[in-house]
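Below is protein.pdb, holding PDB, C-alpha atoms.
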ATOM      1  CA  MET A   1     117.706 131.394  57.003
ATOM      2  CA  SER A   2     115.838 133.549  54.472
ATOM      3  CA  SER A   3     112.358 134.853  55.137
ATOM      4  CA  GLU A   4     110.905 132.575  52.452
ATOM      5  CA  GLU A   5     112.623 129.439  53.802
ATOM      6  CA  SER A   6     111.449 130.266  57.293
ATOM      7  CA  HIS A   7     107.892 130.826  56.075
ATOM      8  CA  HIS A   8     107.879 127.478  54.221
ATOM      9  CA  GLY A   9     109.316 125.778  57.316
ATOM     10  CA  PHE A  10     106.512 127.111  59.482
ATOM     11  CA  HIS A  11     103.901 126.205  56.850
ATOM     12  CA  PHE A  12     105.263 122.627  56.794
ATOM     13  CA  HIS A  13     105.162 122.608  60.610
ATOM     14  CA  ILE A  14     101.476 123.630  60.545
ATOM     15  CA  LEU A  15     100.656 120.847  58.066
ATOM     16  CA  GLU A  16     102.385 118.327  60.325
ATOM     17  CA  GLU A  17     100.324 119.544  63.287
ATOM     18  CA  HIS A  18      97.105 119.200  61.226
ATOM     19  CA  LYS A  19      98.025 115.573  60.526
ATOM     20  CA  LYS A  20      98.566 115.044  64.252
ATOM     21  CA  TYR A  21      95.013 116.258  64.954
ATOM     22  CA  PHE A  22      93.547 113.277  63.075
ATOM     23  CA  THR A  23      96.041 110.923  64.707
ATOM     24  CA  PHE A  24      95.039 112.185  68.164
ATOM     25  CA  PHE A  25      91.343 111.821  67.309
ATOM     26  CA  ASN A  26      91.816 108.223  66.141
ATOM     27  CA  VAL A  27      93.866 107.370  69.232
ATOM     28  CA  ALA A  28      91.200 108.902  71.518
ATOM     29  CA  MET A  29      88.443 106.884  69.829
ATOM     30  CA  ALA A  30      90.520 103.705  70.131
ATOM     31  CA  LEU A  31      91.124 104.397  73.835
ATOM     32  CA  ILE A  32      87.385 104.804  74.480
ATOM     33  CA  LEU A  33      86.622 101.608  72.569
ATOM     34  CA  ILE A  34      89.254  99.644  74.508
ATOM     35  CA  THR A  35      87.915 100.982  77.841
ATOM     36  CA  ALA A  36      84.392  99.898  76.868
ATOM     37  CA  VAL A  37      85.686  96.432  75.944
ATOM     38  CA  GLU A  38      87.519  96.207  79.285
ATOM     39  CA  ILE A  39      84.325  96.947  81.212
ATOM     40  CA  VAL A  40      82.291  94.440  79.187
ATOM     41  CA  ILE A  41      84.703  91.494  79.318
ATOM     42  CA  VAL A  42      84.794  91.352  83.139
ATOM     43  CA  TYR A  43      81.103  90.344  83.001
ATOM     44  CA  ILE A  44      81.570  87.650  80.342
ATOM     45  CA  PRO A  45      81.485  84.188  81.971
ATOM     46  CA  ILE A  46      84.802  82.851  80.688
ATOM     47  CA  HIS A  47      87.866  81.603  82.550
ATOM     48  CA  PRO A  48      89.322  84.379  84.793
ATOM     49  CA  VAL A  49      92.840  83.728  83.486
ATOM     50  CA  ILE A  50      91.693  84.566  79.948
ATOM     51  CA  VAL A  51      89.908  87.716  81.137
ATOM     52  CA  PHE A  52      92.910  88.749  83.236
ATOM     53  CA  SER A  53      95.255  88.261  80.276
ATOM     54  CA  ALA A  54      92.937  90.258  78.032
ATOM     55  CA  LEU A  55      92.743  93.093  80.609
ATOM     56  CA  ALA A  56      96.543  93.152  80.921
ATOM     57  CA  VAL A  57      97.008  93.363  77.140
ATOM     58  CA  LEU A  58      94.286  96.001  76.690
ATOM     59  CA  SER A  59      95.541  98.261  79.489
ATOM     60  CA  LEU A  60      99.103  97.904  78.175
ATOM     61  CA  ALA A  61      97.860  98.923  74.717
ATOM     62  CA  LYS A  62      96.147 102.010  76.210
ATOM     63  CA  PHE A  63      99.243 102.868  78.236
ATOM     64  CA  LEU A  64     101.539 102.610  75.208
ATOM     65  CA  ALA A  65      99.127 104.543  72.963
ATOM     66  CA  VAL A  66      99.058 107.482  75.377
ATOM     67  CA  ILE A  67     102.832 107.676  75.854
ATOM     68  CA  TRP A  68     103.570 107.071  72.162
ATOM     69  CA  TRP A  69     101.148 109.560  70.589
ATOM     70  CA  PHE A  70      99.717 111.903  73.238
ATOM     71  CA  MET A  71     103.059 112.289  75.044
ATOM     72  CA  HIS A  72     104.828 112.776  71.710
ATOM     73  CA  LEU A  73     107.404 110.000  72.203
ATOM     74  CA  ARG A  74     106.765 109.056  68.567
ATOM     75  CA  TRP A  75     108.062 112.453  67.450
ATOM     76  CA  ASP A  76     110.566 113.228  70.229
ATOM     77  CA  ARG A  77     114.148 112.083  70.559
ATOM     78  CA  MET A  78     114.806 108.488  71.624
ATOM     79  CA  LEU A  79     116.472 109.784  74.791
ATOM     80  CA  CYS A  80     113.070 110.755  76.266
ATOM     81  CA  THR A  81     111.769 107.222  75.650
ATOM     82  CA  VAL A  82     114.889 105.665  77.193
ATOM     83  CA  LEU A  83     114.722 107.927  80.248
ATOM     84  CA  PHE A  84     111.053 107.145  80.888
ATOM     85  CA  MET A  85     111.501 103.437  80.224
ATOM     86  CA  ILE A  86     114.263 103.241  82.853
ATOM     87  CA  GLY A  87     111.833 104.482  85.519
ATOM     88  CA  LEU A  88     109.035 102.312  84.179
ATOM     89  CA  LEU A  89     111.170  99.160  84.156
ATOM     90  CA  ILE A  90     112.405  99.762  87.707
ATOM     91  CA  ALA A  91     108.798 100.321  88.836
ATOM     92  CA  THR A  92     107.548  97.187  87.045
ATOM     93  CA  GLY A  93     110.439  95.153  88.462
ATOM     94  CA  THR A  94     109.703  96.417  91.983
ATOM     95  CA  VAL A  95     105.998  95.557  91.727
ATOM     96  CA  THR A  96     106.765  92.073  90.332
ATOM     97  CA  ALA A  97     109.449  91.351  92.948
ATOM     98  CA  LEU A  98     107.223  92.485  95.831
ATOM     99  CA  LEU A  99     104.275  90.410  94.610
ATOM    100  CA  PHE A 100     106.500  87.305  94.522
ATOM    101  CA  LEU A 101     108.120  88.135  97.884
ATOM    102  CA  PHE A 102     104.809  88.334  99.723
ATOM    103  CA  GLU A 103     103.359  84.945  98.858
ATOM    104  CA  THR A 104     100.349  83.621 100.775
ATOM    105  CA  ASP A 105      99.957  80.092 102.164
ATOM    106  CA  PRO A 106      96.961  77.931 101.108
ATOM    107  CA  ASN A 107      95.037  78.859 104.295
ATOM    108  CA  GLY A 108      95.209  82.528 103.447
ATOM    109  CA  ALA A 109      97.525  83.491 106.319
ATOM    110  CA  PRO A 110     100.225  85.980 105.459
ATOM    111  CA  VAL A 111     103.766  84.613 105.049
ATOM    112  CA  PHE A 112     106.638  87.036 105.636
TER     113      PHE A 112
ATOM    114  CA  MET B   1     110.812 142.338  63.372
ATOM    115  CA  SER B   2     111.850 140.672  60.102
ATOM    116  CA  ASP B   3     109.644 138.028  58.450
ATOM    117  CA  ALA B   4     112.260 135.372  59.215
ATOM    118  CA  ALA B   5     112.169 136.209  62.901
ATOM    119  CA  ALA B   6     108.369 136.263  62.911
ATOM    120  CA  HIS B   7     108.057 132.781  61.423
ATOM    121  CA  ALA B   8     111.041 131.171  63.166
ATOM    122  CA  ASP B   9     110.207 128.510  65.733
ATOM    123  CA  PRO B  10     111.237 129.993  69.123
ATOM    124  CA  LEU B  11     111.612 126.457  70.505
ATOM    125  CA  GLU B  12     114.468 125.650  68.097
ATOM    126  CA  GLU B  13     116.818 127.799  70.191
ATOM    127  CA  LEU B  14     115.839 125.886  73.351
ATOM    128  CA  LYS B  15     116.676 122.569  71.637
ATOM    129  CA  LYS B  16     120.322 123.559  71.326
ATOM    130  CA  THR B  17     121.429 121.517  74.321
ATOM    131  CA  ASN B  18     123.923 118.659  74.687
ATOM    132  CA  THR B  19     121.089 116.131  74.458
ATOM    133  CA  GLY B  20     119.065 117.919  71.769
ATOM    134  CA  VAL B  21     116.099 117.928  74.142
ATOM    135  CA  GLU B  22     114.934 121.073  75.930
ATOM    136  CA  HIS B  23     116.078 121.112  79.575
ATOM    137  CA  LYS B  24     112.563 121.593  80.953
ATOM    138  CA  LYS B  25     111.204 118.679  78.957
ATOM    139  CA  MET B  26     114.133 116.490  79.987
ATOM    140  CA  ALA B  27     113.568 117.363  83.647
ATOM    141  CA  MET B  28     109.869 116.512  83.335
ATOM    142  CA  TRP B  29     110.615 113.105  81.776
ATOM    143  CA  ALA B  30     113.087 112.384  84.611
ATOM    144  CA  PHE B  31     110.449 113.396  87.171
ATOM    145  CA  LEU B  32     107.812 111.209  85.501
ATOM    146  CA  ALA B  33     110.234 108.258  85.513
ATOM    147  CA  SER B  34     110.665 108.717  89.277
ATOM    148  CA  ASP B  35     106.893 109.131  89.739
ATOM    149  CA  CYS B  36     106.458 105.748  88.018
ATOM    150  CA  MET B  37     108.446 104.187  90.862
ATOM    151  CA  PHE B  38     106.395 106.111  93.435
ATOM    152  CA  PHE B  39     103.093 104.837  92.054
ATOM    153  CA  GLY B  40     104.661 101.390  91.565
ATOM    154  CA  THR B  41     105.196 101.084  95.322
ATOM    155  CA  LEU B  42     101.665 102.299  96.113
ATOM    156  CA  ILE B  43     100.065  99.893  93.620
ATOM    157  CA  SER B  44     102.167  96.947  94.863
ATOM    158  CA  THR B  45     101.285  97.784  98.494
ATOM    159  CA  HIS B  46      97.580  97.680  97.617
ATOM    160  CA  LEU B  47      97.882  94.432  95.651
ATOM    161  CA  ILE B  48      99.999  92.705  98.315
ATOM    162  CA  TYR B  49      97.591  93.534 101.154
ATOM    163  CA  ARG B  50      94.689  92.558  98.911
ATOM    164  CA  LYS B  51      96.405  89.194  98.372
ATOM    165  CA  ILE B  52      97.326  88.431 102.001
ATOM    166  CA  TYR B  53      93.979  89.606 103.455
ATOM    167  CA  PRO B  54      91.624  88.408 100.710
ATOM    168  CA  THR B  55      88.426  87.938 102.739
ATOM    169  CA  VAL B  56      88.347  91.157 104.772
ATOM    170  CA  VAL B  57      86.101  93.010 102.358
ATOM    171  CA  ASP B  58      84.497  92.323  98.974
ATOM    172  CA  PRO B  59      85.311  95.320  96.782
ATOM    173  CA  THR B  60      82.611  94.428  94.222
ATOM    174  CA  ASP B  61      80.017  95.294  96.905
ATOM    175  CA  ILE B  62      81.639  98.696  97.269
ATOM    176  CA  PHE B  63      82.782  99.737  93.790
ATOM    177  CA  SER B  64      80.541 101.249  91.142
ATOM    178  CA  ILE B  65      82.023 100.193  87.829
ATOM    179  CA  GLU B  66      79.682 102.593  85.984
ATOM    180  CA  LEU B  67      81.077 105.600  87.854
ATOM    181  CA  THR B  68      84.688 104.441  87.513
ATOM    182  CA  GLY B  69      84.178 103.710  83.813
ATOM    183  CA  PHE B  70      82.732 107.202  83.367
ATOM    184  CA  SER B  71      85.722 108.704  85.247
ATOM    185  CA  SER B  72      88.095 106.789  82.962
ATOM    186  CA  PHE B  73      86.286 108.133  79.902
ATOM    187  CA  ILE B  74      86.508 111.690  81.270
ATOM    188  CA  LEU B  75      90.239 111.425  81.982
ATOM    189  CA  LEU B  76      90.973 109.908  78.558
ATOM    190  CA  MET B  77      89.056 112.746  76.890
ATOM    191  CA  SER B  78      90.936 115.323  78.955
ATOM    192  CA  SER B  79      94.167 113.732  77.744
ATOM    193  CA  PHE B  80      92.906 114.056  74.149
ATOM    194  CA  LEU B  81      92.087 117.739  74.726
ATOM    195  CA  MET B  82      95.518 118.259  76.287
ATOM    196  CA  ALA B  83      97.176 116.789  73.183
ATOM    197  CA  LEU B  84      95.148 119.256  71.080
ATOM    198  CA  THR B  85      96.171 122.097  73.425
ATOM    199  CA  VAL B  86      99.855 121.344  72.835
ATOM    200  CA  SER B  87      99.249 121.003  69.090
ATOM    201  CA  SER B  88      97.493 124.399  69.026
ATOM    202  CA  ALA B  89     100.379 125.952  70.983
ATOM    203  CA  HIS B  90     102.809 124.574  68.380
ATOM    204  CA  LYS B  91     100.639 126.100  65.651
ATOM    205  CA  LYS B  92     100.680 129.423  67.565
ATOM    206  CA  ASN B  93      96.877 129.403  67.540
ATOM    207  CA  ILE B  94      96.175 131.003  70.909
ATOM    208  CA  LYS B  95      92.372 130.957  70.636
ATOM    209  CA  SER B  96      92.228 127.174  70.071
ATOM    210  CA  MET B  97      94.894 126.632  72.700
ATOM    211  CA  ARG B  98      92.844 128.459  75.330
ATOM    212  CA  TRP B  99      89.620 126.601  74.486
ATOM    213  CA  PHE B 100      91.287 123.176  74.525
ATOM    214  CA  LEU B 101      93.098 124.050  77.748
ATOM    215  CA  PHE B 102      89.808 125.169  79.290
ATOM    216  CA  GLY B 103      88.197 121.877  78.205
ATOM    217  CA  THR B 104      91.044 119.897  79.744
ATOM    218  CA  ILE B 105      90.604 121.751  83.038
ATOM    219  CA  VAL B 106      86.820 121.200  83.023
ATOM    220  CA  PHE B 107      87.248 117.468  82.375
ATOM    221  CA  GLY B 108      89.873 117.302  85.134
ATOM    222  CA  LEU B 109      87.420 118.966  87.518
ATOM    223  CA  ILE B 110      84.663 116.512  86.519
ATOM    224  CA  PHE B 111      87.048 113.637  87.287
ATOM    225  CA  LEU B 112      87.842 115.159  90.689
ATOM    226  CA  GLY B 113      84.119 115.651  91.357
ATOM    227  CA  GLY B 114      83.551 111.972  90.562
ATOM    228  CA  GLN B 115      86.307 110.987  92.954
ATOM    229  CA  VAL B 116      84.921 113.179  95.750
ATOM    230  CA  TYR B 117      81.467 111.632  95.188
ATOM    231  CA  GLU B 118      82.980 108.124  95.169
ATOM    232  CA  PHE B 119      84.940 108.661  98.388
ATOM    233  CA  SER B 120      81.951 110.279 100.092
ATOM    234  CA  HIS B 121      79.690 107.380  99.029
ATOM    235  CA  PHE B 122      82.187 104.795 100.267
ATOM    236  CA  VAL B 123      82.600 106.498 103.655
ATOM    237  CA  HIS B 124      78.923 107.259 104.362
ATOM    238  CA  HIS B 125      77.128 104.337 102.707
ATOM    239  CA  LYS B 126      79.705 101.534 102.537
ATOM    240  CA  GLU B 127      81.531 102.342 105.792
ATOM    241  CA  LEU B 128      84.891 102.090 104.093
ATOM    242  CA  THR B 129      87.234 104.589 105.739
ATOM    243  CA  LEU B 130      90.982 105.103 105.828
ATOM    244  CA  SER B 131      91.165 103.176 109.131
ATOM    245  CA  SER B 132      88.291 100.681 108.790
ATOM    246  CA  SER B 133      90.423  98.020 107.069
ATOM    247  CA  VAL B 134      93.752  97.447 105.378
ATOM    248  CA  PHE B 135      91.887  97.538 102.055
ATOM    249  CA  GLY B 136      90.476 100.987 102.909
ATOM    250  CA  SER B 137      93.913 102.300 103.897
ATOM    251  CA  THR B 138      95.717 101.167 100.752
ATOM    252  CA  PHE B 139      92.791 102.043  98.463
ATOM    253  CA  TYR B 140      92.423 105.619  99.735
ATOM    254  CA  VAL B 141      96.188 106.246  99.834
ATOM    255  CA  LEU B 142      96.622 105.035  96.237
ATOM    256  CA  THR B 143      93.582 106.657  94.632
ATOM    257  CA  GLY B 144      93.899 109.730  96.879
ATOM    258  CA  THR B 145      97.513 110.267  95.808
ATOM    259  CA  HIS B 146      96.384 110.023  92.194
ATOM    260  CA  GLY B 147      93.590 112.510  92.946
ATOM    261  CA  VAL B 148      96.134 114.937  94.435
ATOM    262  CA  HIS B 149      98.176 114.612  91.231
ATOM    263  CA  VAL B 150      95.049 115.453  89.194
ATOM    264  CA  ALA B 151      94.251 118.431  91.452
ATOM    265  CA  LEU B 152      97.807 119.767  91.109
ATOM    266  CA  GLY B 153      97.562 119.276  87.342
ATOM    267  CA  VAL B 154      94.297 121.241  87.201
ATOM    268  CA  LEU B 155      95.876 124.096  89.191
ATOM    269  CA  TRP B 156      98.934 124.054  86.943
ATOM    270  CA  LEU B 157      96.860 124.144  83.739
ATOM    271  CA  ALA B 158      94.534 126.811  85.152
ATOM    272  CA  SER B 159      97.538 128.995  85.953
ATOM    273  CA  TRP B 160      98.701 128.682  82.318
ATOM    274  CA  LEU B 161      95.233 129.496  81.044
ATOM    275  CA  ILE B 162      95.183 132.682  83.125
ATOM    276  CA  PHE B 163      98.781 133.515  82.182
ATOM    277  CA  SER B 164      97.949 133.156  78.475
ATOM    278  CA  PHE B 165      95.710 136.248  78.784
ATOM    279  CA  THR B 166      98.575 138.408  80.054
ATOM    280  CA  LYS B 167     100.979 140.393  77.886
ATOM    281  CA  LYS B 168     103.926 138.419  79.276
ATOM    282  CA  PHE B 169     102.793 135.286  77.418
ATOM    283  CA  ASN B 170     104.743 134.489  74.248
ATOM    284  CA  TRP B 171     105.304 131.391  72.129
ATOM    285  CA  VAL B 172     108.432 130.325  74.011
ATOM    286  CA  HIS B 173     105.915 129.356  76.715
ATOM    287  CA  SER B 174     104.512 126.668  74.422
ATOM    288  CA  LEU B 175     107.321 124.514  75.814
ATOM    289  CA  ASP B 176     105.907 125.059  79.317
ATOM    290  CA  ILE B 177     102.441 124.114  78.045
ATOM    291  CA  GLU B 178     103.963 120.959  76.531
ATOM    292  CA  THR B 179     105.728 120.137  79.812
ATOM    293  CA  ALA B 180     102.466 120.579  81.746
ATOM    294  CA  GLY B 181     100.839 118.368  79.111
ATOM    295  CA  LEU B 182     103.365 115.594  79.739
ATOM    296  CA  TYR B 183     102.443 115.676  83.437
ATOM    297  CA  TRP B 184      98.728 115.585  82.589
ATOM    298  CA  HIS B 185      99.118 112.585  80.265
ATOM    299  CA  PHE B 186     101.131 110.833  82.971
ATOM    300  CA  VAL B 187      98.215 111.270  85.386
ATOM    301  CA  ASP B 188      96.071 109.610  82.704
ATOM    302  CA  ILE B 189      98.356 106.593  82.253
ATOM    303  CA  VAL B 190      98.533 106.062  86.020
ATOM    304  CA  TRP B 191      94.731 105.947  86.042
ATOM    305  CA  ILE B 192      94.780 103.397  83.197
ATOM    306  CA  VAL B 193      96.843 101.103  85.462
ATOM    307  CA  ILE B 194      94.764 101.821  88.599
ATOM    308  CA  PHE B 195      91.489 101.246  86.716
ATOM    309  CA  THR B 196      92.619  97.761  85.715
ATOM    310  CA  ALA B 197      94.722  96.680  88.742
ATOM    311  CA  VAL B 198      92.469  98.068  91.483
ATOM    312  CA  TYR B 199      88.947  98.113  90.027
ATOM    313  CA  LEU B 200      88.430  95.715  87.103
ATOM    314  CA  VAL B 201      90.513  92.819  88.465
ATOM    315  CA  GLU B 202      88.175  92.604  91.484
ATOM    316  CA  TYR B 203      85.331  91.494  89.204
ATOM    317  CA  LEU B 204      87.136  88.335  88.050
TER     318      LEU B 204
END
Rendering of file as structure tokens:
Amino acid sequence: MSSEESHHGFHFHILEEHKKYFTFFNVAMALILITAVEIVIVYIPIHPVIVFSALAVLSLAKFLAVIWWFMHLRWDRMLCTVLFMIGLLIATGTVTALLFLFETDPNGAPVF
Amino acid sequence: MSDAAAHADPLEELKKTNTGVEHKKMAMWAFLASDCMFFGTLISTHLIYRKIYPTVVDPTDIFSIELTGFSSFILLMSSFLMALTVSSAHKKNIKSMRWFLFGTIVFGLIFLGGQVYEFSHFVHHKELTLSSSVFGSTFYVLTGTHGVHVALGVLWLASWLIFSFTKKFNWVHSLDIETAGLYWHFVDIVWIVIFTAVYLVEYL
């Protein structure tokens, strides 16, 4: 690689990083906004199922935003995403299976 | 040193692996995937005991949503600063990198301070201890484990901040900063889940 090509490559790299700065800022603002909405909606007198669904969607959006932009999965190789998703899916499956395994009876007594 | 060598990205050499991903970064992603399962078991333990012993304690009498909301804001901002730290390291701008890294550490310490205050308040004013109820046990183990992760992250980042002032620091270490950043962001996403599953859901 010539000196000029290398210099242009680094200059392009710097420009890309400058673009990321604004992306990170927008993501951070969105995360704060979503957190504020989460705190407010738990006090709104609407059906708990609706609030629960909204909380699940909002926290999932925050989770995905952080891993996609802040953790660079958007710019990294797909392999990193696949590797992390394997662990995440196993964890989610474990949590779901355990919650269904330990059902309660109508009187509130534990059922094993 | 030639101009080409001066401007070449030192990380490009490290990417020449079978997977095309640097080994350190790959190892960190594998660790984070396993840590997902670790926190998955802790969160499910808390939720299961909360479900089968629903009337033991009312968490809304104990929790302070204002404090927890503030802690969430602090951790999200530290994650933002960490992203800027990594970006500065990629731009080889050491001054910005140090300031953003310092900010990340300060925000991490504020979060830890909030957690210490929260735990202290719960123990002394709400009589919620590790052994007072099943809720107390699972709550402290889950949030305490997360707190330990944050504390380790702060120590890790602080060590890089100090190391960046030594002559041994060079731009190949930006990969190490990025790896530490991945860990820090992971701590943030775990808190996103805990904030919703442990705190907010109790108010429904």
* Determine the residue set returned by the PyMOL selection byres ((chain B) within 7 of (chain A)) for the present structure, and present it as a PyMOL selection string. => chain B and resi 3-4+7-8+26+29-30+32-34+36-37+40-41+44+48+52+73+77+80+83-84+87+91+182+185+189+192-193+196+200+203-204
note - CA of His125 in chain B and CA of Phe70 in chain B are separated by 20.3 Å
Min atom-atom distance to Gly144 in chain B from the set B:Met28, B:Ile74, B:Val21, B:Ile194, counting only C-alpha atoms, belongs to B:Ile194
How big is the axis-aligned box around the listed atoms of range 29-47 of chain A once 4 Å is added on each side, and where is its centre? Give both in Å to one decimal, as AutoDock Vina command-line options.
--center_x 86.1 --center_y 94.2 --center_z 76.5 --size_x 18.0 --size_y 33.3 --size_z 21.3
Please evaluate the PyMOL selection byres ((chain B and resi 148-164) around 7) against the structure above and give the resulting residues as a PDB file with C-alpha atoms, keeping the file's coordinate frame.
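And here is the file that came out, out.pdb:
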ATOM      1  CA  ARG B  98      92.844 128.459  75.330  1.00  0.00           C
ATOM      2  CA  LEU B 101      93.098 124.050  77.748  1.00  0.00           C
ATOM      3  CA  ILE B 105      90.604 121.751  83.038  1.00  0.00           C
ATOM      4  CA  GLY B 108      89.873 117.302  85.134  1.00  0.00           C
ATOM      5  CA  GLY B 144      93.899 109.730  96.879  1.00  0.00           C
ATOM      6  CA  THR B 145      97.513 110.267  95.808  1.00  0.00           C
ATOM      7  CA  HIS B 146      96.384 110.023  92.194  1.00  0.00           C
ATOM      8  CA  GLY B 147      93.590 112.510  92.946  1.00  0.00           C
ATOM      9  CA  PHE B 165      95.710 136.248  78.784  1.00  0.00           C
ATOM     10  CA  THR B 166      98.575 138.408  80.054  1.00  0.00           C
ATOM     11  CA  PHE B 169     102.793 135.286  77.418  1.00  0.00           C
ATOM     12  CA  ALA B 180     102.466 120.579  81.746  1.00  0.00           C
ATOM     13  CA  TRP B 184      98.728 115.585  82.589  1.00  0.00           C
ATOM     14  CA  VAL B 187      98.215 111.270  85.386  1.00  0.00           C
TER      15      VAL B 187
END
Pairwise distance, CA of Glu178 in chain B with CA of Val190 in chain B, equals 18.5 Å
(Q) What's the separation between CA of Thr68 in chain B and CA of Phe195 in chain B, in Å to one decimal place? (A)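 Interatomic distance here is 7.6 Å.
Of the residues listed (B:Pro54, B:Gly181, B:Gly103, B:Gly69), B:Gly69 shows the shortest atom-to-atom separation from Val40 in chain A; distances use all atoms listed in the file.
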Given the file shown, enumerate the residues that the PyMOL selection byres ((chain B and resi 58) around 12) captures and present them as a PDB file with C-alpha atoms, keeping the file's coordinate frame.
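Saved result, result-v4.pdb, follows:
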ATOM      1  CA  ARG B  50      94.689  92.558  98.911  1.00  0.00           C
ATOM      2  CA  TYR B  53      93.979  89.606 103.455  1.00  0.00           C
ATOM      3  CA  PRO B  54      91.624  88.408 100.710  1.00  0.00           C
ATOM      4  CA  THR B  55      88.426  87.938 102.739  1.00  0.00           C
ATOM      5  CA  VAL B  56      88.347  91.157 104.772  1.00  0.00           C
ATOM      6  CA  VAL B  57      86.101  93.010 102.358  1.00  0.00           C
ATOM      7  CA  PRO B  59      85.311  95.320  96.782  1.00  0.00           C
ATOM      8  CA  THR B  60      82.611  94.428  94.222  1.00  0.00           C
ATOM      9  CA  ASP B  61      80.017  95.294  96.905  1.00  0.00           C
ATOM     10  CA  ILE B  62      81.639  98.696  97.269  1.00  0.00           C
ATOM     11  CA  PHE B  63      82.782  99.737  93.790  1.00  0.00           C
ATOM     12  CA  LYS B 126      79.705 101.534 102.537  1.00  0.00           C
ATOM     13  CA  LEU B 128      84.891 102.090 104.093  1.00  0.00           C
ATOM     14  CA  SER B 133      90.423  98.020 107.069  1.00  0.00           C
ATOM     15  CA  PHE B 135      91.887  97.538 102.055  1.00  0.00           C
ATOM     16  CA  GLY B 136      90.476 100.987 102.909  1.00  0.00           C
ATOM     17  CA  TYR B 199      88.947  98.113  90.027  1.00  0.00           C
ATOM     18  CA  GLU B 202      88.175  92.604  91.484  1.00  0.00           C
ATOM     19  CA  TYR B 203      85.331  91.494  89.204  1.00  0.00           C
ATOM     20  CA  LEU B 204      87.136  88.335  88.050  1.00  0.00           C
TER      21      LEU B 204
END
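In this comparison, which uses all atoms listed in the file, the residue of B:Gln115, B:Thr179, B:Ser72, B:Ser174 approaching Ser88 in chain B most closely is B:Ser174.
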